[in-house]
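K.L.:
The file below is run35.cif, mmCIF, C-alpha atoms and all ligand atoms:
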```
data_work
#
loop_
_atom_site.label_atom_id
_atom_site.label_comp_id
_atom_site.auth_asym_id
_atom_site.auth_seq_id
_atom_site.Cartn_x
_atom_site.Cartn_y
_atom_site.Cartn_z
CA MET A 1 -31.24 -21.18 -2.07
CA LYS A 2 -34.78 -20.02 -1.24
CA LYS A 3 -35.65 -16.31 -1.36
CA GLN A 4 -36.59 -16.37 2.34
CA ASP A 5 -33.24 -17.98 3.28
CA ILE A 6 -31.36 -15.28 1.37
CA ALA A 7 -33.43 -12.58 3.14
CA ASN A 8 -32.66 -14.20 6.53
CA MET A 9 -28.95 -14.37 5.77
CA ARG A 10 -28.91 -10.70 4.75
CA ARG A 11 -30.73 -9.78 7.95
CA GLU A 12 -28.12 -11.66 9.98
CA TYR A 13 -25.35 -9.91 8.04
CA ASN A 14 -26.85 -6.54 8.91
CA SER A 15 -27.58 -7.13 12.59
CA PRO A 16 -24.71 -5.39 14.39
CA SER A 17 -23.98 -5.80 18.07
CA SER A 18 -24.74 -2.89 20.41
CA ALA A 19 -21.00 -2.01 20.43
CA ASP A 20 -21.03 -1.83 16.63
CA LEU A 21 -24.08 0.40 16.72
CA LYS A 22 -22.37 2.76 19.16
CA SER A 23 -19.28 3.08 16.98
CA GLY A 24 -21.30 3.13 13.77
CA PHE A 25 -19.28 0.25 12.31
CA ALA A 26 -20.83 -2.87 10.89
CA PRO A 27 -18.74 -6.02 11.56
CA VAL A 28 -20.89 -8.90 12.79
CA ALA A 29 -19.87 -12.29 14.16
CA LEU A 30 -21.46 -14.84 11.82
CA SER A 31 -21.71 -18.61 12.09
CA ARG A 32 -19.62 -21.05 10.11
CA HIS A 33 -22.79 -22.23 8.42
CA TRP A 34 -23.49 -18.62 7.35
CA TYR A 35 -20.07 -18.39 5.69
CA GLN A 36 -20.47 -21.77 3.99
CA GLN A 37 -23.78 -20.63 2.52
CA ALA A 38 -22.36 -17.20 1.57
CA LEU A 39 -19.71 -18.91 -0.55
CA ARG A 40 -22.56 -20.47 -2.55
CA VAL A 41 -24.69 -17.33 -2.88
CA VAL A 42 -22.41 -14.30 -2.85
CA SER A 43 -25.34 -11.89 -3.23
CA VAL A 44 -26.17 -12.31 0.48
CA LEU A 45 -23.24 -9.96 1.07
CA ARG A 46 -25.39 -6.87 1.02
CA HIS A 47 -24.66 -4.28 3.64
CA GLU A 48 -27.08 -1.64 4.69
CA TYR A 49 -25.24 1.55 5.57
CA ARG A 50 -25.97 3.99 8.32
CA HIS A 51 -23.74 7.10 8.05
CA GLY A 52 -24.48 10.19 6.02
CA LEU A 53 -22.38 12.83 4.27
CA VAL A 54 -24.34 16.05 3.99
CA GLU A 55 -23.35 19.43 2.56
CA THR A 56 -24.15 21.30 5.77
CA LYS A 57 -21.52 19.26 7.62
CA ALA A 58 -18.94 18.77 4.86
CA PRO A 59 -16.10 21.33 4.86
CA SER A 60 -15.51 23.49 1.78
CA ASN A 61 -11.94 22.19 1.53
CA PRO A 62 -11.54 18.50 0.55
CA PHE A 63 -8.25 18.11 2.45
CA GLU A 64 -10.09 18.94 5.65
CA LEU A 65 -12.67 16.25 4.93
CA PHE A 66 -9.92 13.78 3.98
CA ARG A 67 -8.09 14.53 7.22
CA HIS A 68 -11.28 13.90 9.19
CA TRP A 69 -12.08 10.61 7.43
CA PHE A 70 -8.47 9.43 7.59
CA ARG A 71 -8.38 10.12 11.34
CA GLU A 72 -11.54 8.02 11.72
CA ALA A 73 -9.99 5.22 9.64
CA VAL A 74 -6.90 5.25 11.90
CA ARG A 75 -9.02 5.35 15.06
CA ALA A 76 -11.08 2.41 13.80
CA LYS A 77 -7.80 0.43 13.84
CA LEU A 78 -8.28 -0.71 10.25
CA LEU A 79 -5.43 -2.74 8.81
CA ASP A 80 -3.32 -0.37 6.67
CA PRO A 81 -5.75 2.57 6.59
CA ASN A 82 -3.09 4.34 4.49
CA ALA A 83 -3.15 1.69 1.74
CA MET A 84 -4.34 3.20 -1.52
CA THR A 85 -4.85 1.97 -5.03
CA LEU A 86 -2.71 3.83 -7.55
CA VAL A 87 -3.66 3.94 -11.21
CA THR A 88 -1.15 5.08 -13.81
CA VAL A 89 -1.17 5.22 -17.62
CA THR A 90 1.18 3.00 -19.60
CA SER A 91 3.11 4.08 -22.70
CA ALA A 92 0.40 2.23 -24.69
CA ARG A 93 -2.15 4.53 -22.96
CA LYS A 94 -3.65 1.69 -20.97
CA PRO A 95 -4.43 1.87 -17.24
CA ALA A 96 -2.17 0.02 -14.76
CA VAL A 97 -3.03 -0.57 -11.11
CA ARG A 98 -1.38 -1.53 -7.82
CA THR A 99 -1.42 -0.66 -4.09
CA VAL A 100 0.96 1.77 -2.40
CA LEU A 101 1.07 3.30 1.07
CA LEU A 102 0.32 6.93 1.78
CA LYS A 103 3.27 8.35 3.73
CA ASP A 104 2.36 12.02 4.00
CA PHE A 105 -0.41 14.39 3.03
CA ASP A 106 -1.23 18.06 3.38
CA THR A 107 -2.86 20.68 1.19
CA ARG A 108 -0.10 20.16 -1.41
CA GLY A 109 -1.14 16.56 -2.03
CA PHE A 110 -0.63 12.87 -1.27
CA VAL A 111 2.88 11.41 -1.01
CA PHE A 112 4.02 7.83 -1.57
CA TYR A 113 7.46 6.28 -2.05
CA THR A 114 8.71 3.84 -4.62
CA ASN A 115 11.41 2.90 -7.08
CA TYR A 116 11.57 5.50 -9.86
CA GLN A 117 12.65 2.76 -12.31
CA SER A 118 9.75 0.43 -11.49
CA GLN A 119 6.83 0.10 -13.89
CA LYS A 120 4.83 2.76 -12.03
CA GLY A 121 7.91 4.96 -11.62
CA ARG A 122 8.58 5.00 -15.36
CA GLU A 123 4.91 5.49 -16.15
CA LEU A 124 4.58 8.43 -13.75
CA ILE A 125 7.68 10.08 -15.13
CA GLY A 126 6.48 9.54 -18.72
CA ARG A 127 2.82 10.51 -18.14
CA PRO A 128 2.53 12.34 -14.84
CA TYR A 129 -1.21 11.85 -14.26
CA ALA A 130 -2.66 9.34 -11.82
CA CYS A 131 -5.63 8.35 -9.68
CA LEU A 132 -5.65 7.20 -6.09
CA LEU A 133 -8.38 5.29 -4.33
CA PHE A 134 -8.87 4.67 -0.62
CA TYR A 135 -11.48 2.09 0.37
CA TRP A 136 -12.29 1.72 4.06
CA PRO A 137 -14.89 -1.08 4.10
CA THR A 138 -15.51 -1.00 7.85
CA LEU A 139 -16.47 2.65 7.56
CA VAL A 140 -18.25 2.09 4.23
CA ARG A 141 -16.29 4.93 2.72
CA GLN A 142 -14.29 5.48 -0.44
CA VAL A 143 -12.18 8.46 -1.52
CA ARG A 144 -11.12 9.01 -5.15
CA VAL A 145 -8.34 11.42 -5.98
CA ASP A 146 -7.28 12.53 -9.48
CA GLY A 147 -4.39 14.77 -10.32
CA LYS A 148 -0.93 15.47 -11.57
CA VAL A 149 2.11 13.78 -10.10
CA GLU A 150 5.52 15.26 -9.33
CA LYS A 151 8.66 13.91 -7.68
CA VAL A 152 9.06 15.15 -4.11
CA PRO A 153 12.25 17.19 -3.51
CA ALA A 154 15.33 15.02 -2.84
CA LYS A 155 15.60 16.38 0.71
CA GLU A 156 12.07 15.18 1.53
CA SER A 157 12.83 11.70 0.11
CA ASP A 158 16.10 11.62 2.10
CA ALA A 159 14.30 12.45 5.33
CA TYR A 160 11.72 9.69 4.80
CA PHE A 161 14.31 7.15 3.60
CA HIS A 162 16.42 7.67 6.72
CA SER A 163 13.38 7.16 8.95
CA ARG A 164 12.85 3.65 7.50
CA PRO A 165 14.10 0.45 9.17
CA ARG A 166 17.59 -0.53 7.93
CA GLY A 167 16.23 -3.70 6.29
CA SER A 168 13.84 -1.64 4.15
CA GLN A 169 16.66 0.74 3.24
CA LEU A 170 18.79 -2.19 2.08
CA SER A 171 16.00 -3.77 0.07
CA ALA A 172 15.53 -0.49 -1.80
CA TRP A 173 19.07 -1.13 -3.11
CA ALA A 174 18.67 -4.89 -3.55
CA SER A 175 15.37 -4.92 -5.45
CA ASP A 176 15.22 -3.72 -9.05
CA GLN A 177 11.48 -3.34 -8.61
CA SER A 178 9.30 -4.71 -11.46
CA ARG A 179 12.21 -6.45 -13.25
CA THR A 180 12.09 -10.23 -13.68
CA VAL A 181 14.44 -12.21 -11.42
CA PRO A 182 15.50 -15.84 -11.89
CA HIS A 183 14.55 -16.99 -8.35
CA ARG A 184 14.21 -15.83 -4.73
CA GLU A 185 17.85 -16.66 -3.91
CA HIS A 186 18.87 -13.98 -6.40
CA LEU A 187 17.13 -11.37 -4.22
CA GLU A 188 18.58 -12.78 -1.02
CA LYS A 189 22.09 -12.75 -2.52
CA ARG A 190 21.66 -9.11 -3.53
CA MET A 191 20.46 -8.27 -0.04
CA GLU A 192 23.66 -9.85 1.40
CA LEU A 193 25.74 -7.91 -1.12
CA PHE A 194 24.35 -4.56 0.03
CA GLU A 195 24.50 -5.59 3.71
CA LYS A 196 28.25 -6.09 3.16
CA ARG A 197 28.66 -2.91 1.13
CA PHE A 198 27.09 -0.70 3.82
CA LYS A 199 28.31 -2.63 6.89
CA GLY A 200 28.84 -0.28 9.83
CA LYS A 201 27.76 2.74 7.74
CA PRO A 202 24.47 4.54 7.27
CA VAL A 203 22.63 3.37 4.15
CA PRO A 204 22.31 6.23 1.65
CA ARG A 205 19.10 6.70 -0.35
CA PRO A 206 19.45 5.06 -3.76
CA PRO A 207 19.19 7.70 -6.52
CA HIS A 208 16.45 5.60 -8.18
CA TRP A 209 14.24 5.56 -5.06
CA GLY A 210 12.08 8.38 -3.73
CA GLY A 211 8.70 9.97 -3.37
CA PHE A 212 5.96 11.14 -5.66
CA ARG A 213 3.33 13.68 -4.69
CA LEU A 214 -0.06 13.51 -6.36
CA VAL A 215 -1.42 17.06 -6.50
CA PRO A 216 -5.19 16.68 -6.76
CA ASP A 217 -7.46 18.62 -9.05
CA LYS A 218 -10.48 16.47 -8.18
CA MET A 219 -11.48 14.53 -5.05
CA GLU A 220 -14.63 12.52 -4.49
CA PHE A 221 -15.97 11.24 -1.18
CA TRP A 222 -18.37 8.30 -1.22
CA ASN A 223 -20.31 7.35 1.83
CA GLY A 224 -22.57 4.29 1.94
CA ARG A 225 -26.27 4.86 2.78
CA PRO A 226 -29.35 2.62 3.04
CA ASN A 227 -31.09 1.37 -0.11
CA ARG A 228 -27.97 2.04 -2.19
CA LEU A 229 -28.87 5.75 -2.12
CA HIS A 230 -25.29 6.59 -1.20
CA ASP A 231 -23.75 10.03 -0.74
CA ARG A 232 -21.16 11.27 -3.23
CA LEU A 233 -19.58 14.68 -2.88
CA ARG A 234 -17.07 15.74 -5.52
CA TYR A 235 -14.67 18.65 -5.13
CA ILE A 236 -13.18 20.23 -8.23
CA LYS A 237 -10.26 22.62 -7.94
CA VAL A 238 -11.08 26.11 -9.19
CA THR A 239 -8.02 28.04 -8.01
CA SER A 240 -5.05 27.02 -5.87
CA SER A 241 -7.13 27.55 -2.72
CA ARG A 242 -10.74 27.34 -3.89
CA TRP A 243 -12.77 24.21 -4.64
CA ARG A 244 -16.23 23.80 -6.15
CA ARG A 245 -18.35 21.15 -4.48
CA GLU A 246 -21.11 19.17 -6.15
CA ARG A 247 -23.27 16.17 -5.34
CA LEU A 248 -23.31 13.17 -7.67
CA ALA A 249 -26.01 10.56 -8.05
CA PRO A 250 -24.86 7.26 -6.58
C1 LIG A 301 -0.54 -3.09 1.18
C2 LIG A 301 0.50 -2.84 0.13
C3 LIG A 301 1.30 -1.72 0.23
C4 LIG A 301 2.27 -1.46 -0.73
N1 LIG A 301 3.00 -0.31 -0.63
C5 LIG A 301 3.90 -0.03 -1.59
C6 LIG A 301 4.59 1.23 -1.57
O1 LIG A 301 4.34 2.10 -0.71
N2 LIG A 301 5.50 1.46 -2.54
C7 LIG A 301 5.77 0.55 -3.53
O2 LIG A 301 6.61 0.82 -4.37
N3 LIG A 301 5.11 -0.63 -3.59
C8 LIG A 301 4.18 -0.93 -2.65
N4 LIG A 301 3.49 -2.12 -2.70
C9 LIG A 301 3.77 -3.06 -3.83
C10 LIG A 301 3.03 -2.58 -5.09
O3 LIG A 301 1.64 -2.86 -4.98
C11 LIG A 301 3.58 -3.18 -6.38
O4 LIG A 301 3.57 -4.57 -6.31
C12 LIG A 301 5.02 -2.72 -6.65
O5 LIG A 301 5.23 -1.38 -6.27
C13 LIG A 301 5.36 -2.86 -8.12
O6 LIG A 301 4.45 -2.10 -8.90
P1 LIG A 301 4.79 -1.68 -10.41
O7 LIG A 301 5.41 -2.88 -11.06
O8 LIG A 301 3.50 -1.28 -11.01
O9 LIG A 301 5.76 -0.52 -10.35
C14 LIG A 301 2.49 -2.38 -1.79
C15 LIG A 301 1.68 -3.51 -1.89
C16 LIG A 301 0.69 -3.73 -0.95
C17 LIG A 301 -0.21 -4.94 -1.10
#
```
Let's see the structure in the file written out as structure tokens.
P.N.:
Amino acid sequence: MKKQDIANMRREYNSPSSADLKSGFAPVALSRHWYQQALRVVSVLRHEYRHGLVETKAPSNPFELFRHWFREAVRAKLLDPNAMTLVTVTSARKPAVRTVLLKDFDTRGFVFYTNYQSQKGRELIGRPYACLLFYWPTLVRQVRVDGKVEKVPAKESDAYFHSRPRGSQLSAWASDQSRTVPHREHLEKRMELFEKRFKGKPVPRPPHWGGFRLVPDKMEFWNGRPNRLHDRLRYIKVTSSRWRRERLAP
């Protein structure tokens, strides 16, 4: 593809509608031809970013900034704004990655729920350090969180478990998460088994299922800016209530 064609495609990609400009978001309706060409030359996917993250406006507490950004991600009606990438460390000291959903957060940390006997569950119990990553493309924002992980108290897991739909409660019993299974019917049979076992009764929380809270000692906020001169503010925990803030080169 010619240089001029690539430049034109990038311009089209970065020409938001007036509604987009008002909201500050960047999605643009592009032609079928544009997409066909983009599949050939992926480098046309080059967004120019408009927002800024400046020290004078950023709060001194990272949870406050997270709350603000998360609220904007929810308001923007993103699909699963609470989806986050979770990185753990295996027993062979290698990284392992998957997505989980944030179910609660406050100044104590970020809570997600899972099977304690799954791969991640065993890894977190064995080596209780992890990283989380939120990426909100429409807002051109990313948040990185590093810290130590602990199980949430049983009462907290109970409360969340009992707020879940019954089908999800049953599948927490039926699925030995991360184990190999012979075929799908095996899972469906186990689901029927637990449906029968708990028929007409409330489903109790399985002892192997519950929450983890990642207690951050570092949080970094990345905000896309023009010319790839993005903003990065990192907060490092100094005491239980005090954080040091620093700017990183993009
Ligand atoms: C959008 C999304 C949300 C997910 N949320 C969770 C979750 O909250 N808890 C969970 O255990 N697995 C969740 N999963 C499935 C995990 O990514 C993963 O497949 C599963 O937990 C097994 O991971 P493991 O074998 O590393 O333990 C989610 C997957 C996706 C794509």
K.L.:
Quick one, how far is CA of Lys2 in chain A from CA of Leu229 in chain A?
P.N.:
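That distance, rounded to one decimal, is 26.5 Å.
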K.L.:
Select from chain A every residue with an atom at most 12 Å from any atom of ligand LIG 301 (chain A), then for each give the shortest pair of atoms and their distance in Å to one decimal, using all atoms listed in the file, rows by chain and rising number, as JSON lines.
P.N.:
```
{"residue": "A:Leu79", "atom": "CA", "partner": "A:LIG301", "partner_atom": "C1", "distance": 9.1}
{"residue": "A:Asp80", "atom": "CA", "partner": "A:LIG301", "partner_atom": "C1", "distance": 6.7}
{"residue": "A:Pro81", "atom": "CA", "partner": "A:LIG301", "partner_atom": "C1", "distance": 9.4}
{"residue": "A:Asn82", "atom": "CA", "partner": "A:LIG301", "partner_atom": "C1", "distance": 8.5}
{"residue": "A:Ala83", "atom": "CA", "partner": "A:LIG301", "partner_atom": "C1", "distance": 5.5}
{"residue": "A:Met84", "atom": "CA", "partner": "A:LIG301", "partner_atom": "C3", "distance": 7.7}
{"residue": "A:Thr85", "atom": "CA", "partner": "A:LIG301", "partner_atom": "O3", "distance": 8.1}
{"residue": "A:Leu86", "atom": "CA", "partner": "A:LIG301", "partner_atom": "O3", "distance": 8.4}
{"residue": "A:Val87", "atom": "CA", "partner": "A:LIG301", "partner_atom": "O8", "distance": 8.9}
{"residue": "A:Thr88", "atom": "CA", "partner": "A:LIG301", "partner_atom": "O8", "distance": 8.4}
{"residue": "A:Val89", "atom": "CA", "partner": "A:LIG301", "partner_atom": "O8", "distance": 10.4}
{"residue": "A:Thr90", "atom": "CA", "partner": "A:LIG301", "partner_atom": "O8", "distance": 9.9}
{"residue": "A:Pro95", "atom": "CA", "partner": "A:LIG301", "partner_atom": "O8", "distance": 10.6}
{"residue": "A:Ala96", "atom": "CA", "partner": "A:LIG301", "partner_atom": "O8", "distance": 6.9}
{"residue": "A:Val97", "atom": "CA", "partner": "A:LIG301", "partner_atom": "O8", "distance": 6.6}
{"residue": "A:Arg98", "atom": "CA", "partner": "A:LIG301", "partner_atom": "O3", "distance": 4.4}
{"residue": "A:Thr99", "atom": "CA", "partner": "A:LIG301", "partner_atom": "O3", "distance": 3.9}
{"residue": "A:Val100", "atom": "CA", "partner": "A:LIG301", "partner_atom": "N1", "distance": 3.4}
{"residue": "A:Leu101", "atom": "CA", "partner": "A:LIG301", "partner_atom": "O1", "distance": 3.9}
{"residue": "A:Leu102", "atom": "CA", "partner": "A:LIG301", "partner_atom": "O1", "distance": 6.8}
{"residue": "A:Lys103", "atom": "CA", "partner": "A:LIG301", "partner_atom": "O1", "distance": 7.7}
{"residue": "A:Asp104", "atom": "CA", "partner": "A:LIG301", "partner_atom": "O1", "distance": 11.2}
{"residue": "A:Phe110", "atom": "CA", "partner": "A:LIG301", "partner_atom": "O1", "distance": 11.9}
{"residue": "A:Val111", "atom": "CA", "partner": "A:LIG301", "partner_atom": "O1", "distance": 9.4}
{"residue": "A:Phe112", "atom": "CA", "partner": "A:LIG301", "partner_atom": "O1", "distance": 5.8}
{"residue": "A:Tyr113", "atom": "CA", "partner": "A:LIG301", "partner_atom": "N2", "distance": 5.2}
{"residue": "A:Thr114", "atom": "CA", "partner": "A:LIG301", "partner_atom": "O2", "distance": 3.7}
{"residue": "A:Asn115", "atom": "CA", "partner": "A:LIG301", "partner_atom": "O2", "distance": 5.9}
{"residue": "A:Tyr116", "atom": "CA", "partner": "A:LIG301", "partner_atom": "O9", "distance": 8.4}
{"residue": "A:Gln117", "atom": "CA", "partner": "A:LIG301", "partner_atom": "O9", "distance": 7.9}
{"residue": "A:Ser118", "atom": "CA", "partner": "A:LIG301", "partner_atom": "O9", "distance": 4.3}
{"residue": "A:Gln119", "atom": "CA", "partner": "A:LIG301", "partner_atom": "O9", "distance": 3.7}
{"residue": "A:Lys120", "atom": "CA", "partner": "A:LIG301", "partner_atom": "O9", "distance": 3.8}
{"residue": "A:Gly121", "atom": "CA", "partner": "A:LIG301", "partner_atom": "O9", "distance": 6.0}
{"residue": "A:Arg122", "atom": "CA", "partner": "A:LIG301", "partner_atom": "O9", "distance": 8.0}
{"residue": "A:Glu123", "atom": "CA", "partner": "A:LIG301", "partner_atom": "O9", "distance": 8.4}
{"residue": "A:Leu124", "atom": "CA", "partner": "A:LIG301", "partner_atom": "O9", "distance": 9.6}
{"residue": "A:Ile125", "atom": "CA", "partner": "A:LIG301", "partner_atom": "O9", "distance": 11.8}
{"residue": "A:Phe134", "atom": "CA", "partner": "A:LIG301", "partner_atom": "C1", "distance": 11.5}
{"residue": "A:Tyr160", "atom": "CA", "partner": "A:LIG301", "partner_atom": "O1", "distance": 11.9}
{"residue": "A:Phe161", "atom": "CA", "partner": "A:LIG301", "partner_atom": "O1", "distance": 12.0}
{"residue": "A:Arg164", "atom": "CA", "partner": "A:LIG301", "partner_atom": "O1", "distance": 11.9}
{"residue": "A:Ser168", "atom": "CA", "partner": "A:LIG301", "partner_atom": "N2", "distance": 11.1}
{"residue": "A:Ser171", "atom": "CA", "partner": "A:LIG301", "partner_atom": "O2", "distance": 11.4}
{"residue": "A:Ala172", "atom": "CA", "partner": "A:LIG301", "partner_atom": "O2", "distance": 9.4}
{"residue": "A:Ser175", "atom": "CA", "partner": "A:LIG301", "partner_atom": "O2", "distance": 10.5}
{"residue": "A:Asp176", "atom": "CA", "partner": "A:LIG301", "partner_atom": "C13", "distance": 9.9}
{"residue": "A:Gln177", "atom": "CA", "partner": "A:LIG301", "partner_atom": "C13", "distance": 6.2}
{"residue": "A:Ser178", "atom": "CA", "partner": "A:LIG301", "partner_atom": "O7", "distance": 4.3}
{"residue": "A:Arg179", "atom": "CA", "partner": "A:LIG301", "partner_atom": "O7", "distance": 8.0}
{"residue": "A:Thr180", "atom": "CA", "partner": "A:LIG301", "partner_atom": "O7", "distance": 10.3}
{"residue": "A:His208", "atom": "CA", "partner": "A:LIG301", "partner_atom": "O2", "distance": 11.6}
{"residue": "A:Trp209", "atom": "CA", "partner": "A:LIG301", "partner_atom": "O2", "distance": 9.0}
{"residue": "A:Gly210", "atom": "CA", "partner": "A:LIG301", "partner_atom": "O2", "distance": 9.4}
{"residue": "A:Gly211", "atom": "CA", "partner": "A:LIG301", "partner_atom": "N2", "distance": 9.1}
{"residue": "A:Phe212", "atom": "CA", "partner": "A:LIG301", "partner_atom": "N2", "distance": 10.2}
```
K.L.:
When distances are computed from only C-alpha atoms, which of A:Val215, A:Asp158, A:Leu139, A:Leu45 shows the smallest separation from Arg71 in chain A?
P.N.:
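For Arg71 in chain A, the nearest of the given residues is A:Leu139.
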K.L.:
Env of Ser163 in chain A: 12 Å cut, atoms = all atoms listed in the file, seq-sep filter 4 positions within chain, self excluded. Answer as a list in words.
P.N.:
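Skipping anything fewer than 4 positions along the chain leaves Lys103, Glu156, Ser157, Asp158, Ala159, Gly167, Ser168, Gln169, Pro202, Val203, Pro204 and Arg205 of chain A.
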K.L.:
Leaving out Gln37 in chain A and any residue of its chain fewer than 2 positions from it, which residues lie within 12 Å of it when counting only C-alpha atoms, given as a short mmCIF file (atom, residue, chain, number, x, y, z; two decimals) with C-alpha atoms, keeping the file's coordinate frame?
P.N.:
```cif
data_model
loop_
_atom_site.label_atom_id
_atom_site.label_comp_id
_atom_site.auth_asym_id
_atom_site.auth_seq_id
_atom_site.Cartn_x
_atom_site.Cartn_y
_atom_site.Cartn_z
CA MET A 1 -31.24 -21.18 -2.07
CA LYS A 2 -34.78 -20.02 -1.24
CA ASP A 5 -33.24 -17.98 3.28
CA ILE A 6 -31.36 -15.28 1.37
CA ASN A 8 -32.66 -14.20 6.53
CA MET A 9 -28.95 -14.37 5.77
CA ARG A 10 -28.91 -10.70 4.75
CA LEU A 30 -21.46 -14.84 11.82
CA SER A 31 -21.71 -18.61 12.09
CA ARG A 32 -19.62 -21.05 10.11
CA HIS A 33 -22.79 -22.23 8.42
CA TRP A 34 -23.49 -18.62 7.35
CA TYR A 35 -20.07 -18.39 5.69
CA LEU A 39 -19.71 -18.91 -0.55
CA ARG A 40 -22.56 -20.47 -2.55
CA VAL A 41 -24.69 -17.33 -2.88
CA VAL A 42 -22.41 -14.30 -2.85
CA SER A 43 -25.34 -11.89 -3.23
CA VAL A 44 -26.17 -12.31 0.48
CA LEU A 45 -23.24 -9.96 1.07
#
```
K.L.:
Rounded to one decimal in Å, what is the spacing between CA of Pro226 in chain A and CA of Ala58 in chain A?
P.N.:
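So the answer is 19.3 Å.
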K.L.:
In Å, rounded to a single decimal, give me how far CA of Lys77 in chain A is from CA of Val54 in chain A.
P.N.:
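Spanning CA of Val54 in chain A to CA of Lys77 in chain A is a straight-line distance of 24.8 Å.
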K.L.:
Just checking: using all atoms listed in the file, which residue out of A:Tyr235, A:Tyr13, A:Trp69, A:Phe63 ends up closest to Val140 in chain A?
P.N.:
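That would be A:Trp69, the residue with the smallest distance to Val140 in chain A.
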K.L.:
Each side padded by 6 Å, which centre and which edge lengths in Å (one decimal) define the axis-aligned box around the listed atoms of range 105-119 of chain A? Give them as lines of an AutoDock Vina configuration file.
P.N.:
```
center_x = 4.9
center_y = 10.4
center_z = -5.3
size_x = 27.5
size_y = 32.6
size_z = 29.3
```
K.L.:
Taking (-20.4, 20.5, 2.4) in the file's coordinates, which residues come within 10 Å, counting all atoms listed in the file, written as a list of chain:residue names?
P.N.:
A:Leu53, A:Val54, A:Glu55, A:Thr56, A:Lys57, A:Ala58, A:Pro59, A:Ser60, A:Asn61, A:Pro62, A:Leu65, A:Leu233, A:Arg234, A:Tyr235, A:Arg245, A:Glu246, A:Arg247
K.L.:
For Val74 in chain A, which of A:Ser91, A:Gln36, A:Thr138, A:Asn227 is the closest residue, counting all atoms listed in the file?
P.N.:
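Smallest separation from Val74 in chain A among the options: A:Thr138.
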K.L.:
So which residues touch Arg144 in chain A within 7 Å, counting all atoms listed in the file, skipping near sequence neighbours fewer than 3 positions away, as a list in words?
P.N.:
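Listing them by chain and then by number gives Leu132, Leu133, Phe134, Met219, Glu220 and Phe221 of chain A.
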K.L.:
Deliver the residues from the most recent selection as a file, using C-alpha atoms, as a tab-separated table (two decimals), keeping the file's coordinate frame.
P.N.:
```
chain	number	residue	atom	x	y	z
A	132	LEU	CA	-5.65	7.20	-6.09
A	133	LEU	CA	-8.38	5.29	-4.33
A	134	PHE	CA	-8.87	4.67	-0.62
A	219	MET	CA	-11.48	14.53	-5.05
A	220	GLU	CA	-14.63	12.52	-4.49
A	221	PHE	CA	-15.97	11.24	-1.18
```
K.L.:
Here is a test: counting all atoms listed in the file, which residue of A:Leu78, A:Ala249, A:Pro207, A:Ala174 is nearest to Glu192 in chain A?
P.N.:
A:Ala174
K.L.:
So, counting all atoms listed in the file, which residue among A:Lys3, A:Pro216, A:Phe70, A:Asn223 is closest to Trp243 in chain A?
P.N.:
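Answer, going by the shortest atom-to-atom distance: A:Pro216.
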K.L.:
Go through A:Asp217, A:Glu12, A:Asp231, A:Glu64 one by one, measure the shortest atom-to-atom distance of each to Tyr129 in chain A using all atoms listed in the file, and give the residue with the smallest value.
P.N.:
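Once distances to Tyr129 in chain A are computed over all atoms listed in the file, the minimum belongs to A:Asp217.
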K.L.:
Place N, CA and C atoms on range 168-178 of chain A and deliver the coordinates as an mmCIF file, keeping the file's coordinate frame.
P.N.:
```cif
data_model
loop_
_atom_site.group_PDB
_atom_site.id
_atom_site.type_symbol
_atom_site.label_atom_id
_atom_site.label_comp_id
_atom_site.auth_asym_id
_atom_site.auth_seq_id
_atom_site.Cartn_x
_atom_site.Cartn_y
_atom_site.Cartn_z
ATOM 1 N N SER A 168 14.582 -2.228 5.288
ATOM 2 C CA SER A 168 13.840 -1.640 4.150
ATOM 3 C C SER A 168 14.761 -0.760 3.321
ATOM 4 N N GLN A 169 15.697 -0.092 3.989
ATOM 5 C CA GLN A 169 16.660 0.740 3.240
ATOM 6 C C GLN A 169 17.506 -0.152 2.331
ATOM 7 N N LEU A 170 17.940 -1.292 2.880
ATOM 8 C CA LEU A 170 18.790 -2.190 2.080
ATOM 9 C C LEU A 170 18.019 -2.795 0.920
ATOM 10 N N SER A 171 16.742 -3.129 1.168
ATOM 11 C CA SER A 171 16.000 -3.770 0.070
ATOM 12 C C SER A 171 15.698 -2.767 -1.042
ATOM 13 N N ALA A 172 15.699 -1.482 -0.720
ATOM 14 C CA ALA A 172 15.530 -0.490 -1.800
ATOM 15 C C ALA A 172 16.716 -0.554 -2.770
ATOM 16 N N TRP A 173 17.886 -0.932 -2.240
ATOM 17 C CA TRP A 173 19.070 -1.130 -3.110
ATOM 18 C C TRP A 173 19.009 -2.493 -3.804
ATOM 19 N N ALA A 174 18.573 -3.514 -3.037
ATOM 20 C CA ALA A 174 18.670 -4.890 -3.550
ATOM 21 C C ALA A 174 17.619 -5.199 -4.619
ATOM 22 N N SER A 175 16.466 -4.531 -4.551
ATOM 23 C CA SER A 175 15.370 -4.920 -5.450
ATOM 24 C C SER A 175 15.242 -3.963 -6.636
ATOM 25 N N ASP A 176 15.487 -4.496 -7.824
ATOM 26 C CA ASP A 176 15.220 -3.720 -9.050
ATOM 27 C C ASP A 176 13.733 -3.881 -9.329
ATOM 28 N N GLN A 177 12.934 -3.114 -8.633
ATOM 29 C CA GLN A 177 11.480 -3.340 -8.610
ATOM 30 C C GLN A 177 10.890 -3.427 -10.024
ATOM 31 N N SER A 178 10.062 -4.426 -10.216
ATOM 32 C CA SER A 178 9.300 -4.710 -11.460
ATOM 33 C C SER A 178 10.116 -5.420 -12.534
#
```
